[in-house]
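Undergrad: Structure file start-v7.cif, mmCIF, C-alpha atoms, is pasted below:
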```cif
data_query
loop_
_atom_site.group_PDB
_atom_site.id
_atom_site.type_symbol
_atom_site.label_atom_id
_atom_site.label_comp_id
_atom_site.auth_asym_id
_atom_site.auth_seq_id
_atom_site.Cartn_x
_atom_site.Cartn_y
_atom_site.Cartn_z
ATOM 1 C CA MET A 1 -44.961 14.026 8.431
ATOM 2 C CA PRO A 2 -41.425 15.222 9.194
ATOM 3 C CA ARG A 3 -38.487 13.007 8.305
ATOM 4 C CA THR A 4 -36.795 11.000 11.023
ATOM 5 C CA GLU A 5 -33.114 11.308 11.895
ATOM 6 C CA ASN A 6 -32.524 7.940 10.227
ATOM 7 C CA GLN A 7 -34.166 9.141 7.000
ATOM 8 C CA TYR A 8 -32.045 12.286 6.983
ATOM 9 C CA GLU A 9 -28.922 10.171 7.479
ATOM 10 C CA LYS A 10 -29.866 7.930 4.531
ATOM 11 C CA ILE A 11 -30.435 10.970 2.314
ATOM 12 C CA ARG A 12 -27.130 12.454 3.388
ATOM 13 C CA GLU A 13 -25.256 9.194 2.742
ATOM 14 C CA SER A 14 -26.947 8.833 -0.653
ATOM 15 C CA LYS A 15 -25.915 12.362 -1.641
ATOM 16 C CA LYS A 16 -22.374 11.768 -0.427
ATOM 17 C CA LYS A 17 -22.161 8.575 -2.491
ATOM 18 C CA LEU A 18 -23.419 10.456 -5.560
ATOM 19 C CA ILE A 19 -20.661 13.043 -5.147
ATOM 20 C CA MET A 20 -17.976 10.396 -4.635
ATOM 21 C CA ASP A 21 -19.115 8.249 -7.576
ATOM 22 C CA THR A 22 -19.263 11.302 -9.836
ATOM 23 C CA ALA A 23 -15.838 12.500 -8.734
ATOM 24 C CA LEU A 24 -14.351 9.029 -9.193
ATOM 25 C CA GLU A 25 -15.599 8.876 -12.783
ATOM 26 C CA LEU A 26 -14.329 12.374 -13.591
ATOM 27 C CA PHE A 27 -10.943 11.853 -11.924
ATOM 28 C CA ALA A 28 -10.471 8.617 -13.876
ATOM 29 C CA ASN A 29 -11.539 10.021 -17.247
ATOM 30 C CA GLN A 30 -10.267 13.604 -17.064
ATOM 31 C CA GLY A 31 -7.497 13.395 -14.484
ATOM 32 C CA TYR A 32 -7.343 14.707 -10.932
ATOM 33 C CA TYR A 33 -5.855 18.143 -11.621
ATOM 34 C CA PRO A 34 -8.167 19.179 -14.508
ATOM 35 C CA THR A 35 -11.295 18.194 -12.567
ATOM 36 C CA SER A 36 -12.536 21.072 -10.436
ATOM 37 C CA ILE A 37 -15.147 21.137 -7.689
ATOM 38 C CA SER A 38 -17.378 23.110 -10.074
ATOM 39 C CA ILE A 39 -17.161 20.364 -12.701
ATOM 40 C CA ILE A 40 -17.963 17.679 -10.122
ATOM 41 C CA ALA A 41 -20.947 19.613 -8.750
ATOM 42 C CA LYS A 42 -22.347 20.270 -12.233
ATOM 43 C CA LYS A 43 -21.985 16.625 -13.277
ATOM 44 C CA ALA A 44 -23.650 15.478 -10.032
ATOM 45 C CA GLY A 45 -26.494 17.956 -10.514
ATOM 46 C CA ILE A 46 -25.925 19.795 -7.249
ATOM 47 C CA SER A 47 -24.624 23.206 -6.220
ATOM 48 C CA LYS A 48 -21.025 23.874 -5.208
ATOM 49 C CA GLY A 49 -22.306 25.028 -1.844
ATOM 50 C CA LEU A 50 -24.018 21.708 -1.200
ATOM 51 C CA LEU A 51 -20.902 19.804 -2.239
ATOM 52 C CA TYR A 52 -18.844 21.819 0.240
ATOM 53 C CA ASN A 53 -21.274 20.722 2.963
ATOM 54 C CA TYR A 54 -19.910 17.220 2.453
ATOM 55 C CA PHE A 55 -16.278 17.854 1.519
ATOM 56 C CA LYS A 56 -14.117 20.837 2.458
ATOM 57 C CA SER A 57 -11.920 20.486 -0.623
ATOM 58 C CA LYS A 58 -11.040 18.319 -3.603
ATOM 59 C CA GLU A 59 -8.229 16.852 -1.500
ATOM 60 C CA ASP A 60 -10.711 15.744 1.175
ATOM 61 C CA LEU A 61 -12.867 14.204 -1.531
ATOM 62 C CA ILE A 62 -10.086 12.135 -3.078
ATOM 63 C CA LYS A 63 -8.911 10.999 0.378
ATOM 64 C CA GLU A 64 -12.419 9.779 1.198
ATOM 65 C CA ILE A 65 -12.669 7.898 -2.106
ATOM 66 C CA ILE A 66 -9.305 6.211 -1.613
ATOM 67 C CA ASN A 67 -9.838 5.438 2.074
ATOM 68 C CA ARG A 68 -13.267 3.904 1.494
ATOM 69 C CA GLY A 69 -11.931 1.732 -1.297
ATOM 70 C CA ILE A 70 -8.995 0.500 0.751
ATOM 71 C CA ASP A 71 -11.187 -0.024 3.832
ATOM 72 C CA GLU A 72 -13.563 -2.171 1.788
ATOM 73 C CA LEU A 73 -10.715 -4.412 0.674
ATOM 74 C CA LEU A 74 -9.209 -4.537 4.181
ATOM 75 C CA GLU A 75 -12.525 -5.815 5.568
ATOM 76 C CA THR A 76 -11.696 -9.151 3.930
ATOM 77 C CA PHE A 77 -8.472 -9.494 5.937
ATOM 78 C CA ASP A 78 -8.274 -11.329 9.301
ATOM 79 C CA LEU A 79 -12.027 -11.584 9.842
ATOM 80 C CA ASP A 80 -11.994 -11.963 13.633
ATOM 81 C CA ARG A 81 -9.325 -9.248 14.019
ATOM 82 C CA ASP A 82 -7.248 -11.379 16.383
ATOM 83 C CA GLY A 83 -3.974 -10.808 14.536
ATOM 84 C CA VAL A 84 -3.774 -14.453 13.457
ATOM 85 C CA LEU A 85 -4.701 -15.617 9.962
ATOM 86 C CA THR A 86 -6.147 -19.122 9.692
ATOM 87 C CA GLU A 87 -6.341 -21.181 6.503
ATOM 88 C CA ASP A 88 -10.097 -20.556 6.308
ATOM 89 C CA GLU A 89 -9.496 -16.821 6.679
ATOM 90 C CA PHE A 90 -6.831 -16.985 3.983
ATOM 91 C CA ASP A 91 -9.284 -18.645 1.572
ATOM 92 C CA TYR A 92 -11.950 -16.088 2.454
ATOM 93 C CA LEU A 93 -9.511 -13.215 1.926
ATOM 94 C CA VAL A 94 -8.680 -14.314 -1.618
ATOM 95 C CA HIS A 95 -12.238 -15.197 -2.675
ATOM 96 C CA GLU A 96 -13.893 -12.160 -1.097
ATOM 97 C CA ASN A 97 -11.300 -9.721 -2.425
ATOM 98 C CA PHE A 98 -12.004 -10.762 -5.997
ATOM 99 C CA ARG A 99 -15.760 -11.062 -5.389
ATOM 100 C CA LEU A 100 -15.892 -7.418 -4.314
ATOM 101 C CA ILE A 101 -14.121 -6.362 -7.490
ATOM 102 C CA LYS A 102 -16.212 -8.631 -9.724
ATOM 103 C CA ASN A 103 -19.518 -7.384 -8.288
ATOM 104 C CA ASN A 104 -18.685 -3.723 -8.945
ATOM 105 C CA ILE A 105 -16.137 -3.920 -11.709
ATOM 106 C CA GLN A 106 -16.706 -0.450 -13.177
ATOM 107 C CA HIS A 107 -16.136 1.183 -9.800
ATOM 108 C CA TRP A 108 -12.870 -0.685 -9.244
ATOM 109 C CA LYS A 109 -11.714 -0.058 -12.797
ATOM 110 C CA LEU A 110 -12.013 3.672 -12.131
ATOM 111 C CA PHE A 111 -10.518 3.285 -8.645
ATOM 112 C CA PHE A 112 -7.388 1.568 -9.967
ATOM 113 C CA ALA A 113 -7.154 4.115 -12.791
ATOM 114 C CA ILE A 114 -7.015 7.103 -10.441
ATOM 115 C CA SER A 115 -4.726 5.323 -7.965
ATOM 116 C CA MET A 116 -1.824 5.544 -10.403
ATOM 117 C CA GLN A 117 -2.157 9.299 -11.004
ATOM 118 C CA PRO A 118 0.765 11.055 -9.202
ATOM 119 C CA PRO A 119 -1.291 13.379 -6.954
ATOM 120 C CA VAL A 120 -3.620 10.537 -6.002
ATOM 121 C CA PHE A 121 -0.856 7.972 -5.547
ATOM 122 C CA LYS A 122 0.549 10.186 -2.797
ATOM 123 C CA VAL A 123 -2.708 9.693 -0.871
ATOM 124 C CA VAL A 124 -2.644 5.954 -1.612
ATOM 125 C CA LYS A 125 0.971 5.672 -0.465
ATOM 126 C CA GLU A 126 0.221 7.437 2.827
ATOM 127 C CA ARG A 127 -2.683 5.097 3.527
ATOM 128 C CA ILE A 128 -0.709 1.995 2.579
ATOM 129 C CA SER A 129 2.098 3.024 4.951
ATOM 130 C CA GLU A 130 -0.470 2.977 7.786
ATOM 131 C CA PHE A 131 -1.701 -0.591 7.377
ATOM 132 C CA MET A 132 1.202 -2.311 5.586
ATOM 133 C CA PRO A 133 3.294 -3.088 8.729
ATOM 134 C CA LYS A 134 0.304 -4.823 10.360
ATOM 135 C CA TYR A 135 -0.497 -6.700 7.140
ATOM 136 C CA ILE A 136 3.105 -7.874 6.723
ATOM 137 C CA ASN A 137 3.304 -8.937 10.373
ATOM 138 C CA ILE A 138 0.139 -11.058 10.205
ATOM 139 C CA MET A 139 1.019 -12.611 6.847
ATOM 140 C CA ALA A 140 4.608 -13.285 7.945
ATOM 141 C CA LYS A 141 3.358 -15.099 11.067
ATOM 142 C CA TYR A 142 1.051 -17.165 8.867
ATOM 143 C CA TYR A 143 3.907 -18.167 6.568
ATOM 144 C CA ASN A 144 6.414 -18.671 9.366
ATOM 145 C CA LYS A 145 4.046 -21.140 11.027
ATOM 146 C CA ARG A 146 3.952 -23.067 7.761
ATOM 147 C CA GLY A 147 7.719 -23.268 7.415
ATOM 148 C CA VAL A 148 8.177 -20.782 4.574
ATOM 149 C CA SER A 149 11.878 -19.866 4.430
ATOM 150 C CA ASN A 150 11.363 -16.119 3.961
ATOM 151 C CA PRO A 151 7.878 -15.259 5.246
ATOM 152 C CA VAL A 152 8.154 -11.483 4.718
ATOM 153 C CA THR A 153 9.151 -11.917 1.077
ATOM 154 C CA GLU A 154 6.314 -14.418 0.609
ATOM 155 C CA ALA A 155 3.829 -11.936 2.107
ATOM 156 C CA LEU A 156 5.010 -9.176 -0.239
ATOM 157 C CA PHE A 157 4.921 -11.565 -3.196
ATOM 158 C CA PHE A 158 1.360 -12.610 -2.341
ATOM 159 C CA GLY A 159 0.250 -8.968 -2.122
ATOM 160 C CA ALA A 160 1.872 -8.147 -5.452
ATOM 161 C CA VAL A 161 0.163 -11.101 -7.147
ATOM 162 C CA MET A 162 -3.240 -10.086 -5.734
ATOM 163 C CA ASP A 163 -2.744 -6.543 -7.048
ATOM 164 C CA GLY A 164 -1.624 -7.792 -10.446
ATOM 165 C CA VAL A 165 -4.556 -10.170 -10.831
ATOM 166 C CA SER A 166 -7.011 -7.426 -9.853
ATOM 167 C CA LEU A 167 -5.581 -5.015 -12.427
ATOM 168 C CA ASN A 168 -5.552 -7.627 -15.193
ATOM 169 C CA TYR A 169 -9.111 -8.673 -14.406
ATOM 170 C CA VAL A 170 -10.628 -5.182 -14.536
ATOM 171 C CA ALA A 171 -8.729 -4.493 -17.767
ATOM 172 C CA ASP A 172 -10.404 -7.394 -19.594
ATOM 173 C CA PRO A 173 -12.953 -9.205 -17.396
ATOM 174 C CA ASP A 174 -14.560 -11.191 -20.221
ATOM 175 C CA LYS A 175 -11.345 -12.962 -21.156
ATOM 176 C CA PHE A 176 -9.634 -13.208 -17.769
ATOM 177 C CA PRO A 177 -10.138 -16.629 -16.065
ATOM 178 C CA LEU A 178 -10.687 -15.209 -12.578
ATOM 179 C CA GLU A 179 -12.080 -18.371 -10.958
ATOM 180 C CA GLU A 180 -9.178 -20.511 -12.125
ATOM 181 C CA ILE A 181 -6.614 -17.890 -11.122
ATOM 182 C CA THR A 182 -8.270 -17.507 -7.710
ATOM 183 C CA GLN A 183 -7.894 -21.217 -7.003
ATOM 184 C CA LYS A 184 -4.311 -21.193 -8.281
ATOM 185 C CA ILE A 185 -3.435 -18.368 -5.866
ATOM 186 C CA ILE A 186 -4.897 -20.354 -2.962
ATOM 187 C CA ASP A 187 -3.059 -23.506 -4.047
ATOM 188 C CA ILE A 188 0.269 -21.686 -4.302
ATOM 189 C CA PHE A 189 0.137 -19.184 -1.446
ATOM 190 C CA SER A 190 -1.920 -20.836 1.302
ATOM 191 C CA HIS A 191 0.840 -23.411 2.029
ATOM 192 C CA LYS A 192 -1.743 -25.777 3.468
ATOM 193 C CA ASN A 193 -0.513 -29.005 5.051
ATOM 194 C CA SER A 194 3.040 -27.717 5.072
ATOM 195 C CA GLN A 195 5.861 -29.881 6.407
ATOM 196 C CA LYS A 196 6.405 -27.693 9.473
ATOM 197 C CA GLU A 197 2.714 -27.842 10.458
ATOM 198 C CA GLN A 198 2.550 -31.591 9.930
ATOM 199 C CA HIS A 199 5.704 -32.030 12.018
ATOM 200 C CA GLU A 200 4.240 -29.954 14.859
ATOM 201 C CA GLU A 201 0.948 -31.853 14.720
ATOM 202 C CA ASN A 202 2.780 -35.192 14.921
ATOM 203 C CA LYS A 203 4.774 -34.244 18.025
#
```
Would you give me this structure, written as structure tokens?
TA:
Amino acid sequence: MPRTENQYEKIRESKKKLIMDTALELFANQGYYPTSISIIAKKAGISKGLLYNYFKSKEDLIKEIINRGIDELLETFDLDRDGVLTEDEFDYLVHENFRLIKNNIQHWKLFFAISMQPPVFKVVKERISEFMPKYINIMAKYYNKRGVSNPVTEALFFGAVMDGVSLNYVADPDKFPLEEITQKIIDIFSHKNSQKEQHEENK
């Protein structure tokens, strides 16, 4: 019985994931420049020709790895996509961000490792420049509504803390108190029941 279109798509996606996972491991352990398409194909157990059916170049491959990783994290942000962050969405953002990392810690450890390599960081920087203005705008509106004196700075500070916690956690997950830190971040950065909100509610 011939395969259905859906079955072919699943096989294709599975093969693509194999290539990306293999490349991620090699880029993290050997570096981006020393890792060739030939090395990736051999490690994945496929031919170079088949690999090129999925990715035109090593540059395309690293862009896909980075973009998928960032997209996965961005899925936790502003769930209803209305441009307004609620307190429930803020809590979800923090919890879900760390849950994603915790559930696939080896993947994210490698992801963060390659992100700091100069040729890869260029790709990361380009992607960040695309979504950062929207992120800052939404976070700044959230903090402005809660009476934070410098909402843009607070948004940047929050992002930096999230990044720092993620990096520290993947470096030593057994000793890092992720649950306690997660709650501390929410307590500090959610600004729930702020004076400005209470004042507006009492009007």
Undergrad: Give as a list in words the residues that the PyMOL selection byres ((chain A and resi 69-71) around 9) matches when applied to the coordinates above.
TA: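 Selected by the PyMOL selection byres ((chain A and resi 69-71) around 9) here: Glu64, Ile65, Ile66, Asn67, Arg68, Glu72, Leu73, Leu74, Glu75, Trp108, Phe111, Val124, Arg127 and Ile128 of chain A.
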Undergrad: What separation in Å, quoted to one decimal, exists between atom CA of Lys10 of chain A and atom CA of Glu59 of chain A?
TA: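 Straight-line distance from atom CA of Lys10 of chain A to atom CA of Glu59 of chain A works out to 24.2 Å.
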Undergrad: Return the single residue from A:Leu50, A:Leu167, A:Leu110, A:Val84 that is closest to Ile136 of chain A, with distances computed using only C-alpha atoms.
TA: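 Smallest separation from Ile136 of chain A among the options: A:Val84.
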Undergrad: Evaluate the PyMOL selection byres ((chain A and resi 97) around 12) and record the selected residues as a PDB file with C-alpha atoms, in the frame of the given file, following the chain and residue labels used in the document.
TA:
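File produced: expr_2.pdb:
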```pdb
ATOM      1  CA  GLY A  69     -11.931   1.732  -1.297  1.00  0.00           C
ATOM      2  CA  ILE A  70      -8.995   0.500   0.751  1.00  0.00           C
ATOM      3  CA  ASP A  71     -11.187  -0.024   3.832  1.00  0.00           C
ATOM      4  CA  GLU A  72     -13.563  -2.171   1.788  1.00  0.00           C
ATOM      5  CA  LEU A  73     -10.715  -4.412   0.674  1.00  0.00           C
ATOM      6  CA  LEU A  74      -9.209  -4.537   4.181  1.00  0.00           C
ATOM      7  CA  GLU A  75     -12.525  -5.815   5.568  1.00  0.00           C
ATOM      8  CA  THR A  76     -11.696  -9.151   3.930  1.00  0.00           C
ATOM      9  CA  PHE A  77      -8.472  -9.494   5.937  1.00  0.00           C
ATOM     10  CA  GLU A  89      -9.496 -16.821   6.679  1.00  0.00           C
ATOM     11  CA  PHE A  90      -6.831 -16.985   3.983  1.00  0.00           C
ATOM     12  CA  ASP A  91      -9.284 -18.645   1.572  1.00  0.00           C
ATOM     13  CA  TYR A  92     -11.950 -16.088   2.454  1.00  0.00           C
ATOM     14  CA  LEU A  93      -9.511 -13.215   1.926  1.00  0.00           C
ATOM     15  CA  VAL A  94      -8.680 -14.314  -1.618  1.00  0.00           C
ATOM     16  CA  HIS A  95     -12.238 -15.197  -2.675  1.00  0.00           C
ATOM     17  CA  GLU A  96     -13.893 -12.160  -1.097  1.00  0.00           C
ATOM     18  CA  PHE A  98     -12.004 -10.762  -5.997  1.00  0.00           C
ATOM     19  CA  ARG A  99     -15.760 -11.062  -5.389  1.00  0.00           C
ATOM     20  CA  LEU A 100     -15.892  -7.418  -4.314  1.00  0.00           C
ATOM     21  CA  ILE A 101     -14.121  -6.362  -7.490  1.00  0.00           C
ATOM     22  CA  LYS A 102     -16.212  -8.631  -9.724  1.00  0.00           C
ATOM     23  CA  ASN A 103     -19.518  -7.384  -8.288  1.00  0.00           C
ATOM     24  CA  ASN A 104     -18.685  -3.723  -8.945  1.00  0.00           C
ATOM     25  CA  ILE A 105     -16.137  -3.920 -11.709  1.00  0.00           C
ATOM     26  CA  TRP A 108     -12.870  -0.685  -9.244  1.00  0.00           C
ATOM     27  CA  GLY A 159       0.250  -8.968  -2.122  1.00  0.00           C
ATOM     28  CA  MET A 162      -3.240 -10.086  -5.734  1.00  0.00           C
ATOM     29  CA  ASP A 163      -2.744  -6.543  -7.048  1.00  0.00           C
ATOM     30  CA  VAL A 165      -4.556 -10.170 -10.831  1.00  0.00           C
ATOM     31  CA  SER A 166      -7.011  -7.426  -9.853  1.00  0.00           C
ATOM     32  CA  LEU A 178     -10.687 -15.209 -12.578  1.00  0.00           C
ATOM     33  CA  THR A 182      -8.270 -17.507  -7.710  1.00  0.00           C
TER      34      THR A 182
END
```
Undergrad: What does the distance between atom CA of Arg12 of chain A and atom CA of Leu51 of chain A come to in Å, to one decimal place?
TA: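 Straight-line distance from atom CA of Arg12 of chain A to atom CA of Leu51 of chain A works out to 11.2 Å.
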Undergrad: So how many Å separate atom CA of Ala41 of chain A and atom CA of Ile19 of chain A, to one decimal?
TA: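 It comes out at 7.5 Å.
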Undergrad: Restricting the calculation to only C-alpha atoms: of A:Leu156, A:Met20, A:Ile62, A:Ile138, which residue gets closest to Arg81 of chain A?
TA: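 Comparing A:Leu156, A:Met20, A:Ile62, A:Ile138 against Arg81 of chain A, the winner is A:Ile138.
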Undergrad: Once the PyMOL selection byres ((chain A and resi 191) around 9) has been applied to the shown file, what residues remain in the selection, as an mmCIF file with C-alpha atoms, keeping the file's coordinate frame?
TA:
```cif
data_model
loop_
_atom_site.group_PDB
_atom_site.id
_atom_site.type_symbol
_atom_site.label_atom_id
_atom_site.label_comp_id
_atom_site.auth_asym_id
_atom_site.auth_seq_id
_atom_site.Cartn_x
_atom_site.Cartn_y
_atom_site.Cartn_z
ATOM 1 C CA GLU A 87 -6.341 -21.181 6.503
ATOM 2 C CA TYR A 143 3.907 -18.167 6.568
ATOM 3 C CA ARG A 146 3.952 -23.067 7.761
ATOM 4 C CA GLY A 147 7.719 -23.268 7.415
ATOM 5 C CA VAL A 148 8.177 -20.782 4.574
ATOM 6 C CA ILE A 186 -4.897 -20.354 -2.962
ATOM 7 C CA ASP A 187 -3.059 -23.506 -4.047
ATOM 8 C CA ILE A 188 0.269 -21.686 -4.302
ATOM 9 C CA PHE A 189 0.137 -19.184 -1.446
ATOM 10 C CA SER A 190 -1.920 -20.836 1.302
ATOM 11 C CA LYS A 192 -1.743 -25.777 3.468
ATOM 12 C CA ASN A 193 -0.513 -29.005 5.051
ATOM 13 C CA SER A 194 3.040 -27.717 5.072
#
```
Undergrad: Between A:Ser57, A:Ser36, A:Val170, A:Leu85, which is the closest to Lys134 of chain A once you count only C-alpha atoms?
TA: A:Leu85
Undergrad: Give me the residues of segment 11-51 of chain A that have any atom at most 12 Å from an atom of segment 4-7 of chain A; for each, the nearest atom pair and the distance in Å, rounded to one decimal. Use only C-alpha atoms, sort by chain and number, and format it as a tab-separated table.
TA:
```
residue	atom	partner	partner_atom	distance
A:Ile11	CA	A:Gln7	CA	6.3
A:Arg12	CA	A:Gln7	CA	8.6
A:Glu13	CA	A:Gln7	CA	9.9
A:Ser14	CA	A:Gln7	CA	10.5
```
Undergrad: I'd like the contact shell of Glu25 of chain A - 12 Å cut-off, only C-alpha atoms, skipping same-chain residues fewer than 4 positions apart - returned as a PDB file with C-alpha atoms, in the frame of the given file.
TA:
```
ATOM      1  CA  LEU A  18     -23.419  10.456  -5.560  1.00  0.00           C
ATOM      2  CA  ILE A  19     -20.661  13.043  -5.147  1.00  0.00           C
ATOM      3  CA  MET A  20     -17.976  10.396  -4.635  1.00  0.00           C
ATOM      4  CA  ASP A  21     -19.115   8.249  -7.576  1.00  0.00           C
ATOM      5  CA  ASN A  29     -11.539  10.021 -17.247  1.00  0.00           C
ATOM      6  CA  GLN A  30     -10.267  13.604 -17.064  1.00  0.00           C
ATOM      7  CA  GLY A  31      -7.497  13.395 -14.484  1.00  0.00           C
ATOM      8  CA  TYR A  32      -7.343  14.707 -10.932  1.00  0.00           C
ATOM      9  CA  THR A  35     -11.295  18.194 -12.567  1.00  0.00           C
ATOM     10  CA  ILE A  39     -17.161  20.364 -12.701  1.00  0.00           C
ATOM     11  CA  ILE A  40     -17.963  17.679 -10.122  1.00  0.00           C
ATOM     12  CA  LYS A  43     -21.985  16.625 -13.277  1.00  0.00           C
ATOM     13  CA  ALA A  44     -23.650  15.478 -10.032  1.00  0.00           C
ATOM     14  CA  ILE A  62     -10.086  12.135  -3.078  1.00  0.00           C
ATOM     15  CA  ILE A  65     -12.669   7.898  -2.106  1.00  0.00           C
ATOM     16  CA  GLN A 106     -16.706  -0.450 -13.177  1.00  0.00           C
ATOM     17  CA  HIS A 107     -16.136   1.183  -9.800  1.00  0.00           C
ATOM     18  CA  TRP A 108     -12.870  -0.685  -9.244  1.00  0.00           C
ATOM     19  CA  LYS A 109     -11.714  -0.058 -12.797  1.00  0.00           C
ATOM     20  CA  LEU A 110     -12.013   3.672 -12.131  1.00  0.00           C
ATOM     21  CA  PHE A 111     -10.518   3.285  -8.645  1.00  0.00           C
ATOM     22  CA  PHE A 112      -7.388   1.568  -9.967  1.00  0.00           C
ATOM     23  CA  ALA A 113      -7.154   4.115 -12.791  1.00  0.00           C
ATOM     24  CA  ILE A 114      -7.015   7.103 -10.441  1.00  0.00           C
TER      25      ILE A 114
END
```
Undergrad: Quick one: of A:Lys16, A:Glu126, A:Ala140, A:Gln117, who's nearest to Asn53 of chain A, counting all atoms listed in the file?
TA: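 Once distances to Asn53 of chain A are computed over all atoms listed in the file, the minimum belongs to A:Lys16.
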Undergrad: Hey, could you pull the box centre and edge lengths for segment 11-18 of chain A, axis-aligned, 8 Å padding per side, all listed atoms, to one decimal in Å, as AutoDock Vina command-line options?
TA:
```
--center_x -26.3 --center_y 10.5 --center_z -1.1 --size_x 24.3 --size_y 19.9 --size_z 24.9
```
